[in-house]
Amino acid sequence: MVTVPRLVIAAPSSGSGKTTVATGLMAAFAMRDLQVSPHKVGPDYIDPGYHSLATGRPGRNLDPWLTSEEMVVPLFLHGAAGADVAVVEGVMGLYDGAAGLGPSDSAGGGDYASTAHVATLLDAPVVLVVDASAAAGRSVAALVHGFRSFGTVRVGGVILNRLGSDGHERMCRDAVEDLGLPVLGALRRSDDAVTPSRHLGLVPAAERNTEAVESVRRLGELVAASCDLDALLALAQGAPQLDAVPWDPSTAVPETHTGRPRIAVAGGPAFTFGYAENEELLEAAGAEVVRFDPLQDDGLPDGTRGVVIGGGFPEVYAAQLSSNERLRKELAAFANASRPVYAECAGLLYLAQELDGAPMCGVLNGAKAAMAPRLTLGYRAAVAVADSVVARAGERVHGHEFHRTVTDPDHGETAAWQWAASGPVGFVRGDCVASYLHVHWAGSPWFASRMVAACL
């Protein structure tokens with residue numbers, strides 16, 4: 001039995017202020033010298049970057065679809081080891097499940113993979129963030145009553161957001177407290193609570209550098225001044241013990257190899273998407289993981305035996321990536337020599353022939369990538385079309401897509417994956433595999449073992 005004080009920050013709908021409150025609460029607790037464990041429900045990569053700035057710990061995702069229901073609590077305990085309190089930011093509306101994230105091919109239906117689902121698995125109290133900007137007191141109370149009485153999650157309190165005046169706050173606070181629920185915070189409309197966005201959501205923290213640090217600091221001060229931190233901490237401390245063993249990457253990998261091959265993982269502002277567990281699994285499988293920045297580094301790290309290029313925003317940095325011709329040519333030669341390369345989404349674009357007309361690495365059969373008019377978003381039950389450095393033909397993997405670009409063609413002579421709503425997609429070329437599919441390797445730990453084995 002493990003004791004971890006914890007809260008889930010949820011809302012009736014997207015855009016209510018979950019990220020503002022969750023990130024600010026993490027920062028406010030950290031300012032009290034508490035060790036705060038940050039978590040995010042769902043597949044999103046961007047919010048955990050801000051969570052990490054607020055807490056100094058890796059932001060980690062909890063997603064039953066990408067991993068499994070059984071793994072949510074062990075992964076949570078792994079991330080929360082040594083923490084004084086854990087704060088979990090929800091996704092979309094409280095009860096919006098996998099169906100709300102696009103086609104999922106038997107993702108479970110209903111509220112599967114929703115904030116409510118994860119809160120139930122964690123046996124955690126929920127704090128409901130309510131946008132009161134366009135409602136008066138009793139209408140806010142009616143909304144809160146509906147969410148508290150629907151389903152089985154325990155709503156432990158409410159934080160009112162975007163209030164306009166003292167009178168507005170008093171009306172809403174009184175109406176909610178008449179329900180028997182405490183109002184644990186009341187935030188006014190504030191420019192300090194605004195974080196810039198673009199085509200895939202918030203601008204990643206890694207791209208904003210000192211500006212992002214300052215934004216998180218202001219959010220922490222705003223929440224500290226507007227919320228009852230003692231009451232929120234007490235609510236978190238009332239969460240019951242969890243009967244589970246923390247996830248351990250060293251026991252999760254199916255095979256550990258000796259030899260310590262060096263695997264270079266792309267980072268920097270253009271490649272900010274990645275799950276912390278992926279690198280932990282590579283290390284557990286026997287690799288030495290090193291970082292390189294395709295915007296800055298003119299070559300792969302010395303001794304590189306394999307390359308992993310995750311997601312991000314190469315379309316924003318296409319000109320700079322293209323201008324680093326020396327690295328592009330070295331990576332192309334590396335892949336063309338059938339050295340192991342695994343690429344997801346942004347990595348796919350970087351390995352293509354060109355991106356929005358700018359030359360890229362040219363590894364993928366002349367594929368050209370460009371911005372698209374619409375966002376592609378959804379869970380995917382993918383089946384491997386062919387053997388690759390991470391998968392065997394016919395194997396099934398749970399992943400997700402999240403992009404606003406397309407490639408032409410959308411697959412090579414040998415495709416990587418196929419799912420219900422698609423034909424063949426992605427590219428397998430020698431020991432290089434590239435596609436739009438994002439995978440949380442804790443749900444597919446053999447990816448790490450096979451990647452390390454291929455590097456040896």
# chains A, B, ... in the order shown; residues from 1 in each chain; ligands from 1
call {"tool": "residues_around", "arguments": {"residues": "stretch 409-415 of chain A", "least_positions_apart": "2", "cutoff": "6 Å", "atoms": "only C-alpha atoms", "output": "list in words"}}
result
Ala367, Thr407, Pro424, Val425, Gly426, Phe427 and Val428 of chain A
call {"tool": "residues_around", "arguments": {"residues": "A:Phe334", "least_positions_apart": "5", "cutoff": "10 Å", "atoms": "only C-alpha atoms", "output": "PDB file with C-alpha atoms, in the first residue's frame"}}
result
ATOM      1  CA  LEU A 300      25.433  13.234 -34.705  1.00  0.00           C
ATOM      2  CA  THR A 304      26.031   7.027 -32.363  1.00  0.00           C
ATOM      3  CA  ARG A 305      24.664   3.552 -33.178  1.00  0.00           C
ATOM      4  CA  GLY A 306      20.968   4.453 -33.471  1.00  0.00           C
ATOM      5  CA  VAL A 307      18.755   7.533 -33.792  1.00  0.00           C
ATOM      6  CA  ARG A 328      21.123  16.437 -42.886  1.00  0.00           C
ATOM      7  CA  LYS A 329      23.680  14.699 -45.069  1.00  0.00           C
ATOM      8  CA  ARG A 339      21.632   1.959 -39.324  1.00  0.00           C
ATOM      9  CA  PRO A 340      18.612   1.984 -36.946  1.00  0.00           C
ATOM     10  CA  VAL A 341      16.479   5.112 -37.158  1.00  0.00           C
ATOM     11  CA  VAL A 363      15.659   9.453 -46.819  1.00  0.00           C
ATOM     12  CA  CYS A 432      14.667   3.092 -40.792  1.00  0.00           C
TER      13      CYS A 432
END
call {"tool": "closest_atom_pairs", "arguments": {"of": "stretch 145-246 of chain A", "to": "stretch 28-33 of chain A", "cutoff": "12 Å", "atoms": "only C-alpha atoms", "output": "CSV"}}
result
residue,atom,partner,partner_atom,distance
A:Val216,CA,A:Ala28,CA,9.6
A:Arg217,CA,A:Ala28,CA,8.4
A:Arg218,CA,A:Ala28,CA,9.6
A:Leu219,CA,A:Ala28,CA,8.1
A:Gly220,CA,A:Ala28,CA,4.4
A:Glu221,CA,A:Ala28,CA,6.5
A:Leu222,CA,A:Ala28,CA,8.5
A:Val223,CA,A:Ala28,CA,6.6
A:Ala224,CA,A:Ala28,CA,5.5
A:Ala225,CA,A:Ala28,CA,9.2
A:Ser226,CA,A:Ala28,CA,10.7
A:Cys227,CA,A:Ala28,CA,9.7
A:Asp228,CA,A:Ala28,CA,10.7
A:Leu229,CA,A:Phe29,CA,7.6
A:Asp230,CA,A:Phe29,CA,9.7
A:Leu232,CA,A:Phe29,CA,9.9
A:Leu233,CA,A:Phe29,CA,8.6
A:Ala236,CA,A:Phe29,CA,11.8
call {"tool": "write_last_selection", "arguments": {"atoms": "N, CA, C and O atoms", "output": "CSV table (one decimal), in the first residue's frame"}}
result
chain,number,residue,atom,x,y,z
A,216,VAL,N,5.2,30.7,-16.1
A,216,VAL,CA,4.9,29.7,-15.1
A,216,VAL,C,5.0,30.3,-13.7
A,216,VAL,O,4.2,30.1,-12.8
A,217,ARG,N,6.0,31.2,-13.5
A,217,ARG,CA,6.1,31.9,-12.2
A,217,ARG,C,4.9,32.7,-11.9
A,217,ARG,O,4.4,32.7,-10.8
A,218,ARG,N,4.5,33.4,-13.0
A,218,ARG,CA,3.3,34.3,-12.8
A,218,ARG,C,2.0,33.4,-12.5
A,218,ARG,O,1.2,33.8,-11.7
A,219,LEU,N,1.9,32.3,-13.2
A,219,LEU,CA,0.8,31.4,-12.9
A,219,LEU,C,0.8,30.9,-11.5
A,219,LEU,O,-0.2,30.8,-10.8
A,220,GLY,N,2.0,30.6,-11.0
A,220,GLY,CA,2.1,30.1,-9.6
A,220,GLY,C,1.7,31.2,-8.6
A,220,GLY,O,1.0,31.0,-7.6
A,221,GLU,N,2.1,32.5,-8.9
A,221,GLU,CA,1.7,33.6,-8.0
A,221,GLU,C,0.2,33.8,-8.1
A,221,GLU,O,-0.4,34.1,-7.0
A,222,LEU,N,-0.3,33.7,-9.3
A,222,LEU,CA,-1.8,34.0,-9.4
A,222,LEU,C,-2.6,32.9,-8.6
A,222,LEU,O,-3.5,33.3,-7.9
A,223,VAL,N,-2.2,31.7,-8.8
A,223,VAL,CA,-3.0,30.6,-8.1
A,223,VAL,C,-2.7,30.7,-6.5
A,223,VAL,O,-3.7,30.5,-5.7
A,224,ALA,N,-1.5,31.0,-6.1
A,224,ALA,CA,-1.2,31.2,-4.7
A,224,ALA,C,-2.1,32.3,-4.1
A,224,ALA,O,-2.5,32.2,-2.9
A,225,ALA,N,-2.3,33.4,-4.8
A,225,ALA,CA,-3.0,34.5,-4.3
A,225,ALA,C,-4.6,34.3,-4.4
A,225,ALA,O,-5.3,35.0,-3.7
A,226,SER,N,-5.0,33.3,-5.3
A,226,SER,CA,-6.4,33.2,-5.6
A,226,SER,C,-7.0,31.9,-5.0
A,226,SER,O,-8.3,31.8,-5.1
A,227,CYS,N,-6.2,31.0,-4.6
A,227,CYS,CA,-6.7,29.7,-4.1
A,227,CYS,C,-6.3,29.4,-2.7
A,227,CYS,O,-5.3,29.9,-2.2
A,228,ASP,N,-7.0,28.5,-2.0
A,228,ASP,CA,-6.7,28.1,-0.7
A,228,ASP,C,-5.8,26.9,-0.8
A,228,ASP,O,-6.2,25.7,-0.9
A,229,LEU,N,-4.5,27.2,-0.8
A,229,LEU,CA,-3.5,26.1,-1.0
A,229,LEU,C,-3.6,25.1,0.2
A,229,LEU,O,-3.4,23.9,0.0
A,230,ASP,N,-3.8,25.6,1.4
A,230,ASP,CA,-3.9,24.6,2.5
A,230,ASP,C,-5.1,23.7,2.4
A,230,ASP,O,-4.9,22.5,2.6
A,232,LEU,N,-6.5,22.8,-0.5
A,232,LEU,CA,-6.2,21.9,-1.6
A,232,LEU,C,-5.2,20.8,-1.2
A,232,LEU,O,-5.4,19.7,-1.6
A,233,LEU,N,-4.2,21.2,-0.4
A,233,LEU,CA,-3.3,20.2,0.0
A,233,LEU,C,-3.9,19.2,1.0
A,233,LEU,O,-3.7,18.0,0.9
A,236,ALA,N,-5.9,16.7,-1.1
A,236,ALA,CA,-5.0,15.8,-1.7
A,236,ALA,C,-4.5,14.7,-0.7
A,236,ALA,O,-4.4,13.5,-1.0
call {"tool": "residues_around", "arguments": {"residues": "A:Tyr350", "least_positions_apart": "4", "cutoff": "8 Å", "atoms": "only C-alpha atoms", "output": "PyMOL selection string"}}
result
chain A and resi 314+346+354-355+360-361
call {"tool": "closest_residue", "arguments": {"among": "A:Asp356, A:Glu211, A:Asp431, A:Asp297", "to": "A:Ala386", "atoms": "only C-alpha atoms"}}
result
A:Asp431
call {"tool": "residues_around", "arguments": {"residues": "stretch 45-51 of chain A", "least_positions_apart": "3", "cutoff": "6 Å", "atoms": "only C-alpha atoms", "output": "ChimeraX atom specification"}}
result
/A:23,38,54,59,204-205,273
call {"tool": "write_last_selection", "arguments": {"atoms": "N, CA and C atoms", "output": "JSON list (two decimals), in the first residue's frame"}}
result
[["chain", "number", "residue", "atom", "x", "y", "z"],
["A", 23, "THR", "N", -1.08, 24.04, -13.84],
["A", 23, "THR", "CA", 0.32, 24.48, -13.87],
["A", 23, "THR", "C", 0.58, 25.48, -12.75],
["A", 38, "PRO", "N", 4.16, 16.01, -11.44],
["A", 38, "PRO", "CA", 3.21, 16.50, -12.44],
["A", 38, "PRO", "C", 2.75, 15.40, -13.40],
["A", 54, "ALA", "N", 7.28, 23.99, -13.94],
["A", 54, "ALA", "CA", 6.70, 24.36, -12.65],
["A", 54, "ALA", "C", 7.25, 23.55, -11.50],
["A", 59, "GLY", "N", 7.31, 15.92, -16.70],
["A", 59, "GLY", "CA", 5.86, 15.82, -16.84],
["A", 59, "GLY", "C", 5.52, 14.48, -17.47],
["A", 204, "PRO", "N", 5.07, 25.13, -27.23],
["A", 204, "PRO", "CA", 5.80, 24.35, -26.23],
["A", 204, "PRO", "C", 6.73, 25.20, -25.38],
["A", 205, "ALA", "N", 6.86, 24.82, -24.12],
["A", 205, "ALA", "CA", 7.69, 25.58, -23.18],
["A", 205, "ALA", "C", 9.13, 25.66, -23.65],
["A", 273, "PHE", "N", 8.40, 16.76, -28.57],
["A", 273, "PHE", "CA", 7.40, 15.78, -28.16],
["A", 273, "PHE", "C", 8.08, 14.45, -27.84]]
call {"tool": "select_by_dssp", "arguments": {"residues": "stretch 94-280 of chain A", "states": "strand (DSSP E or B)", "output": "PyMOL selection string"}}
result
chain A and resi 126-131+155-163+183-188+197-198+201-202+227+242+262-266+273
call {"tool": "atom_distance", "arguments": {"atom1": "atom CA of A:His78", "atom2": "atom CA of A:Ala206"}}
result
24.0 Å
call {"tool": "residues_around", "arguments": {"residues": "A:Pro182", "least_positions_apart": "2", "cutoff": "8 Å", "atoms": "only C-alpha atoms", "output": "CSV table (one decimal) with C-alpha atoms, in the first residue's frame"}}
result
chain,number,residue,atom,x,y,z
A,156,GLY,CA,-13.9,17.5,-3.7
A,157,GLY,CA,-14.2,21.2,-4.5
A,158,VAL,CA,-14.5,23.9,-7.2
A,176,VAL,CA,-21.8,26.6,-5.2
A,177,GLU,CA,-21.3,26.4,-1.4
A,180,GLY,CA,-22.2,21.6,0.2
A,184,LEU,CA,-11.2,26.3,-3.2
call {"tool": "residues_around", "arguments": {"residues": "A:Ala358", "least_positions_apart": "6", "cutoff": "7 Å", "atoms": "only C-alpha atoms", "output": "PyMOL selection string"}}
result
chain A and resi 318-319+322
call {"tool": "write_last_selection", "arguments": {"atoms": "all heavy atoms", "output": "PDB file, in the first residue's frame"}}
result
ATOM      1  N   ALA A 318      11.552  25.018 -40.483  1.00  0.00           N
ATOM      2  CA  ALA A 318      11.980  24.341 -41.707  1.00  0.00           C
ATOM      3  C   ALA A 318      13.228  24.984 -42.308  1.00  0.00           C
ATOM      4  O   ALA A 318      14.159  24.283 -42.732  1.00  0.00           O
ATOM      5  CB  ALA A 318      10.839  24.332 -42.722  1.00  0.00           C
ATOM      6  N   ALA A 319      13.270  26.303 -42.352  1.00  0.00           N
ATOM      7  CA  ALA A 319      14.416  26.979 -42.968  1.00  0.00           C
ATOM      8  C   ALA A 319      15.703  26.704 -42.194  1.00  0.00           C
ATOM      9  O   ALA A 319      16.757  26.426 -42.788  1.00  0.00           O
ATOM     10  CB  ALA A 319      14.156  28.482 -43.040  1.00  0.00           C
ATOM     11  N   SER A 322      16.790  23.091 -42.647  1.00  0.00           N
ATOM     12  CA  SER A 322      17.327  22.910 -43.986  1.00  0.00           C
ATOM     13  C   SER A 322      18.738  23.477 -44.107  1.00  0.00           C
ATOM     14  O   SER A 322      19.601  22.901 -44.786  1.00  0.00           O
ATOM     15  CB  SER A 322      16.407  23.568 -45.013  1.00  0.00           C
ATOM     16  OG  SER A 322      16.849  23.326 -46.322  1.00  0.00           O
TER      17      SER A 322
END
call {"tool": "closest_residue", "arguments": {"among": "A:His145, A:Arg326, A:Arg189, A:Arg404", "to": "A:Arg162", "atoms": "only C-alpha atoms"}}
result
A:Arg189
call {"tool": "residues_around", "arguments": {"residues": "A:Ala287", "least_positions_apart": "2", "cutoff": "10 Å", "atoms": "only C-alpha atoms", "output": "JSON, numbers by chain"}}
result
{"A": [256, 257, 258, 259, 260, 261, 262, 263, 264, 279, 280, 281, 282, 283, 284, 285, 289, 290, 305, 306, 448, 449, 451, 452, 453, 455, 456]}
call {"tool": "select_by_dssp", "arguments": {"residues": "stretch 66-292 of chain A", "states": "helix (DSSP H, G or I)", "output": "ChimeraX atom specification"}}
result
/A:69-79,98-101,115-122,137-149,166-177,191-193,205-208,210-226,229-237,249-252,276-284
call {"tool": "atom_distance", "arguments": {"atom1": "atom CA of A:Asp243", "atom2": "atom CA of A:Val118"}}
result
15.4 Å
call {"tool": "closest_residue", "arguments": {"among": "A:Ala10, A:Leu66, A:Ala266, A:Ala276", "to": "A:Pro249", "atoms": "only C-alpha atoms"}}
result
A:Ala276
